[in-house]
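See structure below.
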Amino acid sequence: MPANASLEDIDYEELPASTTLGMHLIAGAAAGIMEHSVMYPIDIVKTRMQVVGSSVAYNGVVQALRSISTTEGMRTLYRGVMSVVLGAGPAHAVYFATYEHTKKILAGGQANALAA
């Protein structure tokens, strides 16, 4: 951090203006893969709780996570995650790069011009 910069001057949610398209693609893919990997067990629970006519009733997310991991094993919570990750990487890469490119066009090429 430069000596004359205050904490208010630093925007941690913005990549530098010189960031290339490739870096935006990598950042988007990494973010998408991380998000889907972390949230996948919760998505499994959500899907199971939405099943109509299921013989198993869950009282909440924590109880469902505990029940599934105890009766079926922890690996069950991540069964099928690779297919989601393989789709999430490219999808989020394109989404993130498109967003950043569109933001740059709308700002007239000025970095941080659209920042709130």
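Letters A, B, ... mark the chains of the structure tokens in the order given; residue numbers begin at 1 per chain; ligand numbers begin at 1, in order shown.
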I need the alpha helix (DSSP H) residues of region 45-110 of chain A per DSSP on the backbone, written as an mmCIF file with N, CA and C atoms, in the first residue's frame.
```cif
data_model
loop_
_atom_site.group_PDB
_atom_site.id
_atom_site.type_symbol
_atom_site.label_atom_id
_atom_site.label_comp_id
_atom_site.auth_asym_id
_atom_site.auth_seq_id
_atom_site.Cartn_x
_atom_site.Cartn_y
_atom_site.Cartn_z
ATOM 1 N N VAL A 45 -28.791 -30.974 0.430
ATOM 2 C CA VAL A 45 -29.817 -30.933 1.478
ATOM 3 C C VAL A 45 -31.073 -30.247 0.958
ATOM 4 N N LYS A 46 -30.915 -29.133 0.273
ATOM 5 C CA LYS A 46 -32.073 -28.412 -0.270
ATOM 6 C C LYS A 46 -32.880 -29.305 -1.208
ATOM 7 N N THR A 47 -32.181 -30.000 -2.072
ATOM 8 C CA THR A 47 -32.857 -30.877 -3.020
ATOM 9 C C THR A 47 -33.601 -31.997 -2.299
ATOM 10 N N ARG A 48 -32.966 -32.578 -1.313
ATOM 11 C CA ARG A 48 -33.626 -33.662 -0.564
ATOM 12 C C ARG A 48 -34.824 -33.154 0.226
ATOM 13 N N MET A 49 -34.733 -31.950 0.756
ATOM 14 C CA MET A 49 -35.853 -31.399 1.526
ATOM 15 C C MET A 49 -37.031 -31.042 0.613
ATOM 16 N N GLN A 50 -36.766 -30.806 -0.667
ATOM 17 C CA GLN A 50 -37.818 -30.445 -1.603
ATOM 18 C C GLN A 50 -38.524 -31.653 -2.216
ATOM 19 N N VAL A 61 -31.672 -27.703 8.106
ATOM 20 C CA VAL A 61 -30.464 -27.942 7.320
ATOM 21 C C VAL A 61 -29.400 -28.655 8.146
ATOM 22 N N VAL A 62 -29.171 -28.200 9.361
ATOM 23 C CA VAL A 62 -28.126 -28.806 10.207
ATOM 24 C C VAL A 62 -28.476 -30.255 10.520
ATOM 25 N N GLN A 63 -29.726 -30.500 10.868
ATOM 26 C CA GLN A 63 -30.160 -31.864 11.176
ATOM 27 C C GLN A 63 -30.045 -32.746 9.935
ATOM 28 N N ALA A 64 -30.371 -32.208 8.770
ATOM 29 C CA ALA A 64 -30.268 -32.971 7.529
ATOM 30 C C ALA A 64 -28.813 -33.290 7.209
ATOM 31 N N LEU A 65 -27.928 -32.324 7.352
ATOM 32 C CA LEU A 65 -26.501 -32.571 7.125
ATOM 33 C C LEU A 65 -25.987 -33.658 8.057
ATOM 34 N N ARG A 66 -26.363 -33.561 9.318
ATOM 35 C CA ARG A 66 -25.938 -34.549 10.314
ATOM 36 C C ARG A 66 -26.494 -35.935 9.975
ATOM 37 N N SER A 67 -27.756 -35.992 9.620
ATOM 38 C CA SER A 67 -28.398 -37.271 9.313
ATOM 39 C C SER A 67 -27.802 -37.923 8.071
ATOM 40 N N ILE A 68 -27.626 -37.157 7.022
ATOM 41 C CA ILE A 68 -27.071 -37.698 5.776
ATOM 42 C C ILE A 68 -25.644 -38.181 5.988
ATOM 43 N N SER A 69 -24.817 -37.367 6.654
ATOM 44 C CA SER A 69 -23.417 -37.752 6.842
ATOM 45 C C SER A 69 -23.280 -38.945 7.785
ATOM 46 N N THR A 70 -24.195 -39.078 8.746
ATOM 47 C CA THR A 70 -24.137 -40.198 9.679
ATOM 48 C C THR A 70 -24.615 -41.497 9.041
ATOM 49 N N THR A 71 -25.728 -41.432 8.341
ATOM 50 C CA THR A 71 -26.310 -42.658 7.788
ATOM 51 C C THR A 71 -25.697 -43.066 6.452
ATOM 52 N N VAL A 81 -20.310 -33.791 -7.390
ATOM 53 C CA VAL A 81 -19.804 -32.419 -7.382
ATOM 54 C C VAL A 81 -18.942 -32.121 -8.612
ATOM 55 N N MET A 82 -18.254 -33.127 -9.141
ATOM 56 C CA MET A 82 -17.362 -32.875 -10.281
ATOM 57 C C MET A 82 -18.132 -32.416 -11.519
ATOM 58 N N SER A 83 -19.310 -32.962 -11.738
ATOM 59 C CA SER A 83 -20.077 -32.519 -12.909
ATOM 60 C C SER A 83 -20.504 -31.064 -12.751
ATOM 61 N N VAL A 84 -20.811 -30.660 -11.539
ATOM 62 C CA VAL A 84 -21.192 -29.268 -11.280
ATOM 63 C C VAL A 84 -19.975 -28.354 -11.441
ATOM 64 N N VAL A 85 -18.840 -28.775 -10.921
ATOM 65 C CA VAL A 85 -17.611 -27.977 -11.010
ATOM 66 C C VAL A 85 -17.164 -27.829 -12.462
ATOM 67 N N LEU A 86 -17.252 -28.904 -13.239
ATOM 68 C CA LEU A 86 -16.838 -28.837 -14.638
ATOM 69 C C LEU A 86 -17.712 -27.877 -15.446
ATOM 70 N N GLY A 87 -18.947 -27.713 -15.047
ATOM 71 C CA GLY A 87 -19.820 -26.746 -15.720
ATOM 72 C C GLY A 87 -19.683 -25.346 -15.152
ATOM 73 N N ALA A 88 -19.429 -25.262 -13.845
ATOM 74 C CA ALA A 88 -19.353 -23.963 -13.178
ATOM 75 C C ALA A 88 -18.116 -23.170 -13.593
ATOM 76 N N GLY A 89 -16.995 -23.843 -13.781
ATOM 77 C CA GLY A 89 -15.764 -23.146 -14.148
ATOM 78 C C GLY A 89 -15.922 -22.315 -15.412
ATOM 79 N N PRO A 90 -16.245 -22.946 -16.529
ATOM 80 C CA PRO A 90 -16.411 -22.179 -17.769
ATOM 81 C C PRO A 90 -17.556 -21.165 -17.702
ATOM 82 N N ALA A 91 -18.658 -21.541 -17.075
ATOM 83 C CA ALA A 91 -19.808 -20.631 -17.015
ATOM 84 C C ALA A 91 -19.471 -19.364 -16.243
ATOM 85 N N HIS A 92 -18.850 -19.504 -15.093
ATOM 86 C CA HIS A 92 -18.497 -18.334 -14.294
ATOM 87 C C HIS A 92 -17.356 -17.540 -14.923
ATOM 88 N N ALA A 93 -16.464 -18.224 -15.633
ATOM 89 C CA ALA A 93 -15.377 -17.519 -16.325
ATOM 90 C C ALA A 93 -15.952 -16.572 -17.365
ATOM 91 N N VAL A 94 -16.872 -17.070 -18.174
ATOM 92 C CA VAL A 94 -17.488 -16.237 -19.209
ATOM 93 C C VAL A 94 -18.332 -15.133 -18.581
ATOM 94 N N TYR A 95 -19.096 -15.473 -17.557
ATOM 95 C CA TYR A 95 -19.939 -14.486 -16.886
ATOM 96 C C TYR A 95 -19.097 -13.342 -16.317
ATOM 97 N N PHE A 96 -18.031 -13.684 -15.589
ATOM 98 C CA PHE A 96 -17.190 -12.681 -14.942
ATOM 99 C C PHE A 96 -16.479 -11.804 -15.978
ATOM 100 N N ALA A 97 -15.918 -12.435 -17.011
ATOM 101 C CA ALA A 97 -15.202 -11.671 -18.036
ATOM 102 C C ALA A 97 -16.155 -10.764 -18.808
ATOM 103 N N THR A 98 -17.354 -11.249 -19.106
ATOM 104 C CA THR A 98 -18.355 -10.437 -19.803
ATOM 105 C C THR A 98 -18.784 -9.258 -18.944
ATOM 106 N N TYR A 99 -19.008 -9.513 -17.673
ATOM 107 C CA TYR A 99 -19.392 -8.449 -16.746
ATOM 108 C C TYR A 99 -18.322 -7.360 -16.691
ATOM 109 N N GLU A 100 -17.071 -7.768 -16.518
ATOM 110 C CA GLU A 100 -15.980 -6.794 -16.420
ATOM 111 C C GLU A 100 -15.802 -6.026 -17.732
ATOM 112 N N HIS A 101 -15.930 -6.706 -18.862
ATOM 113 C CA HIS A 101 -15.789 -6.034 -20.159
ATOM 114 C C HIS A 101 -16.931 -5.034 -20.378
ATOM 115 N N THR A 102 -18.149 -5.443 -20.053
ATOM 116 C CA THR A 102 -19.308 -4.555 -20.209
ATOM 117 C C THR A 102 -19.187 -3.353 -19.283
ATOM 118 N N LYS A 103 -18.720 -3.589 -18.071
ATOM 119 C CA LYS A 103 -18.526 -2.497 -17.119
ATOM 120 C C LYS A 103 -17.507 -1.490 -17.651
ATOM 121 N N LYS A 104 -16.454 -1.999 -18.265
ATOM 122 C CA LYS A 104 -15.423 -1.125 -18.830
ATOM 123 C C LYS A 104 -15.989 -0.298 -19.991
ATOM 124 N N ILE A 105 -16.804 -0.928 -20.843
ATOM 125 C CA ILE A 105 -17.414 -0.214 -21.977
ATOM 126 C C ILE A 105 -18.360 0.871 -21.472
ATOM 127 N N LEU A 106 -19.196 0.535 -20.507
ATOM 128 C CA LEU A 106 -20.161 1.511 -19.980
ATOM 129 C C LEU A 106 -19.489 2.669 -19.244
#
```
d(CA of Ala31 (chain A), CA of Ile44 (chain A)) in Å: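 It comes out at 19.9 Å.
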Straight-line distance linking CA of Arg75 (chain A) with CA of Ala29 (chain A), stated in Å to one decimal: 24.0 Å
Minimum-distance residue to Gly28 (chain A), chosen among A:Leu15, A:Glu72, A:Gly80, A:Gly108 (using only C-alpha atoms):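 Using only C-alpha atoms, the shortest distance to Gly28 (chain A) belongs to A:Leu15.
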Atom pair CA of Ile33 (chain A) / CA of Tyr58 (chain A): separation (Å): 28.0 Å
